[in-house]
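Trainee: Next up, my_file.cif (mmCIF, C-alpha atoms).
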data_entry
loop_
_atom_site.label_atom_id
_atom_site.label_comp_id
_atom_site.auth_asym_id
_atom_site.auth_seq_id
_atom_site.Cartn_x
_atom_site.Cartn_y
_atom_site.Cartn_z
CA MET A 1 -32.73 12.44 -33.68
CA GLU A 2 -29.77 14.38 -32.35
CA GLN A 3 -26.52 12.45 -32.01
CA ARG A 4 -25.35 12.07 -28.39
CA PRO A 5 -21.83 13.31 -29.06
CA GLN A 6 -23.38 16.65 -30.00
CA VAL A 7 -25.22 16.59 -26.70
CA LEU A 8 -21.94 15.95 -24.96
CA ALA A 9 -20.27 18.79 -26.83
CA ARG A 10 -23.06 21.15 -25.84
CA ALA A 11 -22.88 20.00 -22.23
CA VAL A 12 -19.15 20.69 -22.20
CA GLU A 13 -19.84 24.14 -23.59
CA GLY A 14 -22.08 24.83 -20.60
CA ASP A 15 -25.60 23.83 -21.57
CA PRO A 16 -27.28 22.39 -18.43
CA GLU A 17 -30.16 20.95 -20.42
CA SER A 18 -27.79 18.85 -22.52
CA PHE A 19 -25.93 17.72 -19.44
CA SER A 20 -29.18 16.67 -17.77
CA ARG A 21 -30.13 14.65 -20.83
CA LEU A 22 -26.78 12.89 -20.67
CA ILE A 23 -26.91 11.82 -17.05
CA GLU A 24 -30.60 11.11 -16.64
CA PRO A 25 -30.28 7.57 -18.03
CA LEU A 26 -27.56 6.97 -15.43
CA LEU A 27 -29.46 8.24 -12.39
CA ASP A 28 -31.12 4.94 -11.58
CA GLN A 29 -27.78 3.12 -11.56
CA ALA A 30 -26.21 5.94 -9.62
CA TYR A 31 -28.94 5.77 -7.01
CA ARG A 32 -28.57 2.00 -6.63
CA LEU A 33 -24.83 2.32 -6.23
CA ALA A 34 -25.25 5.03 -3.60
CA ALA A 35 -28.00 3.16 -1.77
CA VAL A 36 -25.81 0.08 -1.46
CA MET A 37 -22.76 2.05 -0.36
CA LEU A 38 -24.63 4.15 2.18
CA ALA A 39 -27.41 1.71 3.18
CA ASP A 40 -29.60 4.77 3.50
CA ARG A 41 -32.04 5.61 0.71
CA THR A 42 -32.54 9.27 1.57
CA ALA A 43 -28.82 9.86 1.85
CA ALA A 44 -28.35 8.00 -1.43
CA GLU A 45 -30.62 10.41 -3.29
CA ASP A 46 -28.85 13.36 -1.70
CA ALA A 47 -25.50 11.91 -2.74
CA VAL A 48 -26.65 11.40 -6.32
CA GLN A 49 -27.90 14.98 -6.48
CA GLU A 50 -24.65 16.34 -5.08
CA ALA A 51 -22.59 14.14 -7.39
CA SER A 52 -24.59 15.37 -10.37
CA ILE A 53 -23.77 18.96 -9.50
CA LYS A 54 -20.09 18.08 -9.15
CA ALA A 55 -20.14 16.22 -12.45
CA TRP A 56 -21.76 19.23 -14.10
CA ARG A 57 -19.01 21.47 -12.80
CA LYS A 58 -16.32 19.03 -13.90
CA VAL A 59 -17.74 17.95 -17.22
CA ARG A 60 -14.93 19.75 -19.03
CA GLN A 61 -12.55 17.26 -17.39
CA LEU A 62 -14.33 14.27 -18.92
CA ARG A 63 -11.87 12.48 -21.14
CA GLY A 64 -12.87 10.22 -23.98
CA ASP A 65 -16.19 9.73 -25.62
CA LEU A 66 -19.61 8.82 -24.32
CA ASN A 67 -18.36 5.38 -23.35
CA SER A 68 -16.35 7.09 -20.65
CA LEU A 69 -19.36 8.90 -19.25
CA ARG A 70 -20.82 6.13 -17.12
CA PRO A 71 -17.65 5.05 -15.27
CA TRP A 72 -16.69 8.70 -14.87
CA PHE A 73 -20.06 9.65 -13.38
CA LEU A 74 -20.30 6.55 -11.18
CA SER A 75 -16.82 7.20 -9.80
CA ILE A 76 -17.97 10.68 -8.79
CA VAL A 77 -21.05 9.18 -7.14
CA ALA A 78 -18.90 6.65 -5.27
CA ASN A 79 -16.59 9.40 -4.10
CA GLU A 80 -19.54 11.49 -2.99
CA CYS A 81 -20.74 8.52 -0.95
CA ARG A 82 -17.34 8.35 0.73
CA MET A 83 -17.59 12.05 1.49
CA THR A 84 -21.06 11.51 2.92
CA ARG A 85 -19.75 8.78 5.17
CA ARG A 86 -16.94 10.98 6.34
CA THR A 87 -19.36 13.81 7.05
CA ARG A 88 -21.50 11.45 9.06
CA TRP A 89 -18.50 10.43 11.07
CA TRP A 90 -18.14 14.03 12.13
CA SER A 91 -21.81 14.67 12.77
CA VAL A 92 -24.47 12.05 13.24
CA LEU A 93 -23.97 8.36 12.85
CA LYS A 94 -27.07 6.79 11.36
CA LEU A 95 -28.06 3.19 11.38
CA PRO A 96 -28.53 1.73 7.92
CA ASP A 97 -32.01 1.30 6.51
CA ILE A 98 -32.98 -2.14 7.64
CA VAL A 99 -35.77 -3.82 5.80
CA SER A 100 -37.33 -6.76 7.55
CA PRO A 101 -36.88 -9.87 5.46
CA ALA A 102 -39.99 -11.18 3.84
CA ARG A 103 -41.59 -13.96 5.84
CA ASP A 104 -41.11 -16.45 3.06
CA ALA A 105 -37.57 -15.39 2.27
CA PRO A 106 -35.19 -18.30 2.59
CA GLU A 107 -32.75 -18.16 5.44
CA SER A 108 -29.79 -18.11 3.07
CA HIS A 109 -31.19 -14.98 1.44
CA ALA A 110 -31.39 -13.15 4.77
CA ASP A 111 -27.90 -14.36 5.61
CA LEU A 112 -26.56 -13.05 2.34
CA ARG A 113 -28.11 -9.62 2.91
CA SER A 114 -26.71 -9.49 6.44
CA ALA A 115 -23.30 -10.48 5.15
CA LEU A 116 -23.58 -7.81 2.47
CA LEU A 117 -24.28 -5.10 5.03
CA ARG A 118 -21.36 -6.27 7.13
CA LEU A 119 -18.97 -5.51 4.27
CA SER A 120 -17.44 -2.08 4.24
CA PRO A 121 -18.97 0.29 1.64
CA ASP A 122 -15.78 0.13 -0.39
CA GLU A 123 -16.00 -3.66 -0.44
CA ARG A 124 -19.61 -3.47 -1.59
CA LEU A 125 -18.68 -1.14 -4.43
CA PRO A 126 -17.12 -3.68 -6.86
CA LEU A 127 -19.96 -6.10 -6.14
CA VAL A 128 -22.68 -3.60 -6.92
CA LEU A 129 -20.90 -2.43 -10.05
CA HIS A 130 -20.31 -5.90 -11.45
CA PHE A 131 -23.29 -7.93 -10.30
CA TYR A 132 -26.04 -5.38 -9.72
CA LEU A 133 -25.35 -2.79 -12.39
CA ASP A 134 -23.95 -5.44 -14.77
CA LEU A 135 -20.92 -3.40 -15.69
CA PRO A 136 -18.23 -5.34 -17.56
CA LEU A 137 -14.95 -5.74 -15.69
CA ASP A 138 -13.13 -3.10 -17.72
CA GLU A 139 -15.81 -0.55 -16.84
CA VAL A 140 -15.71 -1.64 -13.18
CA ALA A 141 -11.97 -1.05 -13.36
CA ARG A 142 -12.39 2.46 -14.80
CA THR A 143 -14.95 3.33 -12.15
CA LEU A 144 -12.67 2.10 -9.38
CA GLY A 145 -9.61 3.68 -10.98
CA VAL A 146 -7.68 0.40 -11.02
CA SER A 147 -6.55 -2.14 -13.60
CA PRO A 148 -9.02 -4.77 -14.91
CA SER A 149 -7.13 -7.55 -13.12
CA ALA A 150 -7.27 -5.60 -9.85
CA ALA A 151 -10.99 -5.01 -10.36
CA LYS A 152 -11.53 -8.74 -10.94
CA SER A 153 -9.55 -9.49 -7.82
CA ARG A 154 -11.67 -7.08 -5.76
CA VAL A 155 -14.92 -8.52 -7.06
CA TYR A 156 -13.74 -12.02 -6.23
CA ARG A 157 -12.37 -11.06 -2.82
CA ALA A 158 -15.62 -9.34 -1.82
CA SER A 159 -17.64 -12.28 -3.13
CA LYS A 160 -15.57 -14.62 -0.99
CA ARG A 161 -16.39 -12.48 2.02
CA LEU A 162 -20.04 -13.24 1.35
CA ARG A 163 -19.69 -16.91 0.57
CA ALA A 164 -16.42 -18.41 1.67
CA ASP A 165 -16.91 -21.56 -0.38
CA LEU A 166 -17.26 -19.78 -3.74
CA THR A 167 -14.79 -20.66 -6.45
CA ILE A 168 -13.66 -18.15 -9.03
CA GLU A 169 -15.63 -20.03 -11.71
CA GLU A 170 -18.78 -19.50 -9.70
CA VAL A 171 -18.17 -15.76 -9.52
CA PHE A 172 -17.21 -15.00 -13.14
CA MET B 1 -23.79 -22.82 -6.27
CA SER B 2 -23.64 -21.68 -9.89
CA ASN B 3 -22.71 -18.23 -11.10
CA ASP B 4 -26.36 -17.55 -11.94
CA ASP B 5 -27.56 -18.63 -8.51
CA PHE B 6 -25.03 -16.44 -6.78
CA ARG B 7 -25.84 -13.47 -8.98
CA ARG B 8 -29.59 -13.93 -8.51
CA GLU B 9 -29.35 -14.16 -4.73
CA LEU B 10 -26.97 -11.24 -4.56
CA ASN B 11 -29.18 -9.05 -6.72
CA SER B 12 -32.15 -9.92 -4.59
CA ALA B 13 -30.20 -8.80 -1.53
CA PHE B 14 -29.22 -5.61 -3.32
CA ASP B 15 -32.88 -4.99 -4.19
CA ASP B 16 -33.79 -5.29 -0.52
CA VAL B 17 -31.21 -2.72 0.43
CA THR B 18 -31.86 -0.17 -2.29
CA GLY B 19 -35.59 -0.19 -2.97
CA THR B 20 -36.44 2.15 -5.83
CA PRO B 21 -35.50 5.80 -6.17
CA SER B 22 -38.25 8.31 -5.57
CA SER B 23 -40.05 9.50 -8.66
CA GLY B 24 -38.84 13.05 -8.07
CA LEU B 25 -35.12 12.25 -8.21
CA ARG B 26 -34.81 13.07 -11.89
CA ASP B 27 -36.50 16.46 -11.45
CA ARG B 28 -34.44 17.15 -8.36
CA VAL B 29 -31.21 16.53 -10.21
CA ARG B 30 -32.28 18.52 -13.25
CA SER B 31 -33.29 21.42 -11.07
CA ALA B 32 -30.07 21.26 -9.05
CA VAL B 33 -27.91 21.21 -12.18
CA THR B 34 -29.79 24.12 -13.71
CA GLN B 35 -29.54 26.20 -10.57
CA ALA B 36 -25.98 25.20 -9.65
CA PRO B 37 -23.74 28.20 -9.24
CA GLU B 38 -22.11 29.00 -12.53
CA ALA B 39 -18.69 27.38 -12.49
CA ARG B 40 -18.36 27.56 -16.19
CA ALA B 41 -17.53 31.15 -16.96
CA PRO B 42 -15.23 31.61 -19.93
CA TYR B 43 -11.59 31.15 -19.12
CA TRP B 44 -10.70 34.75 -19.88
CA ILE B 45 -12.93 35.94 -17.02
CA ALA B 46 -11.07 33.65 -14.64
CA GLY B 47 -7.79 34.94 -16.04
CA VAL B 48 -8.75 38.58 -15.52
CA ALA B 49 -10.00 37.82 -12.02
CA ALA B 50 -6.79 35.97 -11.17
CA ALA B 51 -4.70 38.87 -12.49
CA LEU B 52 -6.64 41.39 -10.41
CA ILE B 53 -6.29 39.27 -7.30
CA ALA B 54 -2.58 38.84 -7.94
CA VAL B 55 -2.16 42.60 -8.28
CA LEU B 56 -4.06 43.15 -5.05
CA ILE B 57 -2.03 40.55 -3.15
CA VAL B 58 1.27 41.89 -4.45
CA GLY B 59 0.18 45.41 -3.50
CA VAL B 60 -0.79 44.41 0.01
CA LEU B 61 2.42 42.45 0.49
CA TYR B 62 4.49 45.33 -0.85
CA ILE B 63 2.88 47.82 1.50
CA ALA B 64 2.50 45.75 4.62
CA GLY B 65 4.91 42.85 4.27
CA PRO B 66 8.31 44.37 5.00
CA LEU B 67 7.01 46.34 7.97
CA LYS B 68 5.05 43.54 9.46
CA PRO B 69 6.34 41.70 12.56
CA PRO B 70 6.21 37.91 12.57
CA SER B 71 2.58 36.94 12.16
CA THR B 72 0.47 35.86 15.07
CA VAL B 73 -2.19 33.26 14.54
CA GLY B 74 -4.23 31.86 17.37
CA GLY B 75 -1.99 33.42 19.95
CA VAL B 76 1.16 31.69 18.71
CA THR B 77 3.98 33.79 17.37
CA THR B 78 5.61 32.24 14.36
CA THR B 79 8.76 32.61 12.45
CA PRO B 80 9.03 31.77 8.80
CA THR B 81 10.32 28.32 8.00
CA PRO B 82 13.36 28.63 5.74
CA SER B 83 12.35 25.94 3.26
CA ALA B 84 9.99 23.07 2.96
CA SER B 85 11.56 19.65 2.76
CA ALA B 86 9.82 16.46 1.81
CA SER B 87 11.72 14.18 4.11
CA PRO B 88 11.22 13.69 7.79
CA SER B 89 13.60 15.91 9.65
CA ALA B 90 13.80 17.83 12.85
CA GLU B 91 12.48 21.32 12.20
CA PRO B 92 13.39 24.61 13.85
CA SER B 93 12.05 24.87 17.38
CA PRO B 94 8.90 26.93 17.64
CA SER B 95 9.07 30.08 19.65
CA VAL B 96 6.23 28.89 21.85
CA SER B 97 5.44 25.32 22.75
CA PRO B 98 1.87 24.28 23.38
CA SER B 99 0.88 24.03 26.99
CA ALA B 100 -0.78 20.86 28.22
CA GLU B 101 -4.27 22.39 28.30
CA GLN B 102 -4.06 23.24 24.60
CA PHE B 103 -4.12 19.59 23.56
CA VAL B 104 -7.47 18.13 22.62
CA CYS B 105 -8.35 14.48 22.35
CA THR B 106 -11.53 14.67 20.27
CA GLN B 107 -12.39 15.58 16.72
CA GLU B 108 -11.96 19.17 15.67
CA VAL B 109 -12.61 21.31 12.62
CA ILE B 110 -9.95 23.88 11.81
CA GLN B 111 -11.13 26.79 9.66
CA SER B 112 -8.77 28.97 7.71
CA THR B 113 -9.34 32.68 8.20
CA SER B 114 -7.65 33.55 4.94
CA GLN B 115 -9.66 36.12 3.03
CA ASP B 116 -7.95 35.54 -0.27
CA THR B 117 -10.12 34.45 -3.13
CA PRO B 118 -9.03 30.84 -3.31
CA PRO B 119 -7.58 29.08 -6.33
CA PRO B 120 -9.12 25.67 -6.98
CA LEU B 121 -6.93 23.60 -4.64
CA ALA B 122 -4.40 24.10 -1.88
CA TYR B 123 -1.25 22.33 -3.00
CA ILE B 124 0.67 20.55 -0.26
CA SER B 125 4.35 21.14 -0.85
CA GLY B 126 5.95 19.49 2.15
CA LEU B 127 5.42 17.12 5.06
CA ARG B 128 7.83 17.65 7.91
CA THR B 129 8.10 16.06 11.31
CA GLY B 130 10.02 16.99 14.41
CA THR B 131 10.22 16.03 18.06
CA HIS B 132 10.19 18.59 20.84
CA GLY B 133 10.11 16.81 24.20
CA THR B 134 6.52 17.12 25.35
CA TYR B 135 5.13 16.99 21.85
CA ASP B 136 5.98 15.80 18.36
CA ARG B 137 5.15 18.03 15.46
CA LEU B 138 3.81 17.38 11.98
CA THR B 139 3.99 20.37 9.68
CA ILE B 140 2.05 20.34 6.43
CA ASP B 141 3.29 23.03 4.07
CA PHE B 142 1.01 24.54 1.45
CA GLY B 143 2.64 26.06 -1.61
CA ASN B 144 -0.09 28.44 -2.68
CA ARG B 145 -2.73 28.91 -0.02
CA LEU B 146 -4.24 27.37 3.09
CA PRO B 147 -7.12 24.95 2.65
CA PRO B 148 -10.48 26.32 3.79
CA GLN B 149 -11.20 23.51 6.19
CA VAL B 150 -9.38 20.67 7.89
CA LYS B 151 -11.14 18.04 9.94
CA ILE B 152 -9.17 16.14 12.50
CA GLY B 153 -10.51 13.10 14.27
CA VAL B 154 -9.16 10.55 16.67
CA GLN B 155 -9.65 6.82 16.84
CA SER B 156 -8.49 3.91 18.89
CA GLY B 157 -6.16 1.70 16.95
CA THR B 158 -4.16 2.65 13.91
CA THR B 159 -6.03 0.87 11.13
CA PHE B 160 -7.22 3.19 8.38
CA THR B 161 -9.08 2.52 5.14
CA LEU B 162 -7.21 3.74 2.09
CA SER B 163 -9.31 5.66 -0.37
CA PRO B 164 -10.37 5.10 -3.08
CA SER B 165 -8.91 1.56 -3.03
CA GLY B 166 -10.77 0.51 0.10
CA MET B 167 -7.75 -1.46 1.30
CA GLN B 168 -6.89 -1.35 4.98
CA THR B 169 -3.59 -0.21 6.35
CA THR B 170 -2.26 -0.33 9.88
CA LEU B 171 0.22 2.25 11.07
CA LYS B 172 2.71 2.09 13.86
CA GLY B 173 1.54 3.22 17.30
CA ALA B 174 -1.44 2.53 19.51
CA ASN B 175 -4.01 5.12 18.44
CA GLY B 176 -4.78 7.08 15.33
CA ILE B 177 -5.47 10.62 14.21
CA LEU B 178 -7.09 11.21 10.83
CA VAL B 179 -6.46 14.56 9.19
CA ALA B 180 -8.94 15.25 6.36
CA ILE B 181 -8.05 18.26 4.25
CA ASN B 182 -10.68 19.45 1.81
CA GLU B 183 -9.85 21.28 -1.40
CA ALA B 184 -6.23 20.17 -1.38
CA ASP B 185 -3.93 17.82 -3.21
CA LEU B 186 -0.73 16.01 -2.39
CA HIS B 187 0.60 15.33 -5.86
CA THR B 188 0.94 18.64 -7.71
CA SER B 189 3.62 20.27 -5.58
CA TYR B 190 4.73 17.34 -3.44
CA SER B 191 7.04 14.55 -4.47
CA GLY B 192 8.32 13.31 -1.13
CA PRO B 193 7.53 10.15 0.80
CA ILE B 194 3.90 9.32 1.48
CA ASP B 195 4.69 7.06 4.42
CA ILE B 196 6.94 8.55 7.07
CA VAL B 197 7.99 6.41 10.03
CA THR B 198 9.49 8.76 12.58
CA GLY B 199 10.56 6.71 15.58
CA TYR B 200 9.45 9.59 17.81
CA PRO B 201 7.92 8.96 21.25
CA GLY B 202 4.53 10.44 20.33
CA LEU B 203 4.07 10.62 16.58
CA ALA B 204 5.11 7.22 15.27
CA GLU B 205 4.06 7.34 11.62
CA VAL B 206 2.41 9.58 9.05
CA LYS B 207 0.86 8.01 5.95
CA ARG B 208 -1.21 9.20 3.04
CA ILE B 209 -4.66 7.68 3.26
CA GLU B 210 -6.29 9.54 0.38
CA ASP B 211 -5.32 11.96 -2.34
CA PHE B 212 -8.30 11.93 -4.66
CA GLU B 213 -10.59 14.51 -6.20
CA GLY B 214 -9.43 17.36 -4.03
CA VAL B 215 -9.49 15.53 -0.72
CA VAL B 216 -6.30 14.65 1.12
CA GLN B 217 -6.38 12.44 4.17
CA LEU B 218 -3.35 11.72 6.30
CA GLY B 219 -3.33 9.02 8.94
CA LEU B 220 -1.18 9.54 12.00
CA GLY B 221 -0.09 6.61 14.14
CA VAL B 222 0.38 7.79 17.68
CA ASN B 223 1.96 6.20 20.74
CA GLY B 224 -0.19 6.85 23.80
CA PRO B 225 -3.39 8.88 23.77
CA ALA B 226 -4.33 10.62 20.51
CA CYS B 227 -4.20 14.13 21.92
CA TYR B 228 -3.11 16.95 19.68
CA HIS B 229 -3.09 20.69 19.16
CA ALA B 230 -3.67 21.88 15.60
CA PHE B 231 -3.40 25.36 14.18
CA TYR B 232 -2.61 27.28 11.03
CA LEU B 233 0.48 29.41 10.57
CA THR B 234 1.30 31.71 7.71
CA ASN B 235 4.43 33.03 6.01
CA PRO B 236 4.78 30.38 4.73
CA ASN B 237 1.32 28.82 4.81
CA ARG B 238 1.26 25.67 6.89
CA LEU B 239 -0.86 23.55 9.15
CA VAL B 240 0.83 22.43 12.34
CA ILE B 241 -0.30 19.45 14.37
CA ASP B 242 1.42 18.90 17.68
CA VAL B 243 0.93 15.43 19.09
CA GLN B 244 1.27 15.06 22.83
CA THR B 245 3.94 12.58 23.81
CA PRO B 246 2.96 9.96 26.38
CA ALA B 247 3.91 10.77 29.95
#
Mind converting the file's structure to structure tokens?
Mentor:
Amino acid sequence: MEQRPQVLARAVEGDPESFSRLIEPLLDQAYRLAAVMLADRTAAEDAVQEASIKAWRKVRQLRGDLNSLRPWFLSIVANECRMTRRTRWWSVLKLPDIVSPARDAPESHADLRSALLRLSPDERLPLVLHFYLDLPLDEVARTLGVSPSAAKSRVYRASKRLRADLTIEEVF
Amino acid sequence: MSNDDFRRELNSAFDDVTGTPSSGLRDRVRSAVTQAPEARAPYWIAGVAAALIAVLIVGVLYIAGPLKPPSTVGGVTTTPTPSASASPSAEPSPSVSPSAEQFVCTQEVIQSTSQDTPPPLAYISGLRTGTHGTYDRLTIDFGNRLPPQVKIGVQSGTTFTLSPSGMQTTLKGANGILVAINEADLHTSYSGPIDIVTGYPGLAEVKRIEDFEGVVQLGLGVNGPACYHAFYLTNPNRLVIDVQTPA
């Protein structure tokens, strides 16, 4: 089996097939990140596609090894989501996809989802990275472009916005 | 509530919001990447292209530049600004001041008409402010070229969300104007202040909201209604935003 660093080298040299092989394992996470930030599934897929094209064009700028690929790509996706939101502001404002809560869903679950959607997309970002995509704090930090302690602080602050009575031990 | 409980509930809420990606997403992305316009030509091609463009520009400037009168853009006659400074200072008076009907109070997209083949980014080299009686002026200098598109929007209140941090910031003034400049950066050629408090009657504060991945956003805190008149000027390249002062 071919070593991934060779795939990365070929992608950097301009081979789209190699680049596609590199990012395909990340597309599901990228979609989930975008769907949470945009609260719009169609727009999320569009954002992931656009971010993939941008990543392809910028792959020469990728620093580090394959461990850097995921935070690098997810940061491009997050930025594309911000661009999408800005574009919407200038054109059409859409309501987020609202899914009716299941009949047997506990009230606290519906409350948590409502509270989640009330957060700004940039507040949702550290939560989705850490809790939903299970990224370790240092990778959350690289995706956000901040220090690990700042990333931890953002995760905790956003968690507190959801549940005011949470302690830091309950979050991490 | 334990960590696991919180995580489980949160992930369940995330699942509700996201659903699952369509089965065609992978093929879509693969197809888009394969068909994306080639941005990966060997460097020497870019170098040759840049050299040819430079020769063309120098030739045009040599032939037309010295004989050309001050440029006219959008009906406003301009005179070259002697030098760009990074600190807030009163700038030379414009030859024509905007009349009241030129101010707009809604969002606007300003397109550059420059025909030059653009380099990757427009580098902002200066932010200058000045007050002129009926309007206050923000001048954004560009060292190399004008950006292809600037979006300007207005909002009530002066709270902006910094990007990419997501933190909120509140500027001085009553209303806000957000200037979003695509394909630009504020850190290559600019080293001045990123938060300028003017004390002017109209334009109260200018602050960098974003300078990330080729997008620059500036927030303007405005006293009174957020009405402005924005236009490009050349020689040197700059974007001018005149903010109407309150009556």
Trainee: Taking only C-alpha atoms into account, which residues of chain B are within 8 Å of chain A, as a ChimeraX atom specification?
Mentor: /B:1-3,6-7,9-14,16-21,25-26,28-30,32-34,36,39-40,107,153,164-166
Trainee: Here's the selection I'm unsure about, the PyMOL selection byres ((chain B and resi 178) around 12); applied to the file above, which residues does it give, as a PyMOL selection string?
Mentor: (chain A and resi 86+89-90) or (chain B and resi 106-109+150-162+171+175-177+179-181+205-210+216-222+226-228+241)
Trainee: Residue by residue, what does the PyMOL selection byres ((chain B and resi 245) around 12) grab here? Present the result as a ChimeraX atom specification.
Mentor: /B:98,100,103,131-137,173,200-204,222-229,242-244,246-247
Trainee: Write the residues of the preceding selection, restricted to C-alpha atoms, as a JSON list (two decimals), in the coordinates of the input.
Mentor:
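For reference, selection-v1.json as written:
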[["chain", "number", "residue", "atom", "x", "y", "z"],
["B", 98, "PRO", "CA", 1.87, 24.28, 23.38],
["B", 100, "ALA", "CA", -0.78, 20.86, 28.22],
["B", 103, "PHE", "CA", -4.12, 19.59, 23.56],
["B", 131, "THR", "CA", 10.22, 16.03, 18.06],
["B", 132, "HIS", "CA", 10.19, 18.59, 20.84],
["B", 133, "GLY", "CA", 10.11, 16.81, 24.20],
["B", 134, "THR", "CA", 6.52, 17.12, 25.35],
["B", 135, "TYR", "CA", 5.13, 16.99, 21.85],
["B", 136, "ASP", "CA", 5.98, 15.80, 18.36],
["B", 137, "ARG", "CA", 5.15, 18.03, 15.46],
["B", 173, "GLY", "CA", 1.54, 3.22, 17.30],
["B", 200, "TYR", "CA", 9.45, 9.59, 17.81],
["B", 201, "PRO", "CA", 7.92, 8.96, 21.25],
["B", 202, "GLY", "CA", 4.53, 10.44, 20.33],
["B", 203, "LEU", "CA", 4.07, 10.62, 16.58],
["B", 204, "ALA", "CA", 5.11, 7.22, 15.27],
["B", 222, "VAL", "CA", 0.38, 7.79, 17.68],
["B", 223, "ASN", "CA", 1.96, 6.20, 20.74],
["B", 224, "GLY", "CA", -0.19, 6.85, 23.80],
["B", 225, "PRO", "CA", -3.39, 8.88, 23.77],
["B", 226, "ALA", "CA", -4.33, 10.62, 20.51],
["B", 227, "CYS", "CA", -4.20, 14.13, 21.92],
["B", 228, "TYR", "CA", -3.11, 16.95, 19.68],
["B", 229, "HIS", "CA", -3.09, 20.69, 19.16],
["B", 242, "ASP", "CA", 1.42, 18.90, 17.68],
["B", 243, "VAL", "CA", 0.93, 15.43, 19.09],
["B", 244, "GLN", "CA", 1.27, 15.06, 22.83],
["B", 246, "PRO", "CA", 2.96, 9.96, 26.38],
["B", 247, "ALA", "CA", 3.91, 10.77, 29.95]]
Trainee: Between atom CA of B:Val55 and atom CA of B:Gly143, what is the distance in Å, rounded to a tenth?
Mentor: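 That distance, rounded to one decimal, is 18.5 Å.
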Trainee: Using all atoms listed in the file, pick whichever of A:Ala47, A:Val155, A:Ala9, A:Leu66 has the shortest atom-to-atom distance to A:Leu129.
Mentor: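 Among A:Ala47, A:Val155, A:Ala9, A:Leu66, it is A:Val155 that comes nearest to A:Leu129.
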Trainee: Atom CA of B:Leu239 and atom CA of B:Phe142, how far apart in Å?
Mentor: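 So the answer is 8.0 Å.
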Trainee: By how many Å are atom CA of B:Phe212 and atom CA of B:Asp185 apart?
Mentor: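 Separation of atom CA of B:Phe212 and atom CA of B:Asp185: 7.5 Å.
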Trainee: If we count only C-alpha atoms and set the cut-off at 10 Å, which residues sit around B:Leu121, ignoring sequence neighbours fewer than 3 positions away in its own chain? Please answer as a list in words.
Mentor: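 My list of contacting residues is Pro118, Ile124, Asn144, Arg145, Leu146, Pro147, Pro148, Asn182, Glu183, Ala184, Asp185, Thr188, Glu213, Gly214 and Val215 of chain B.
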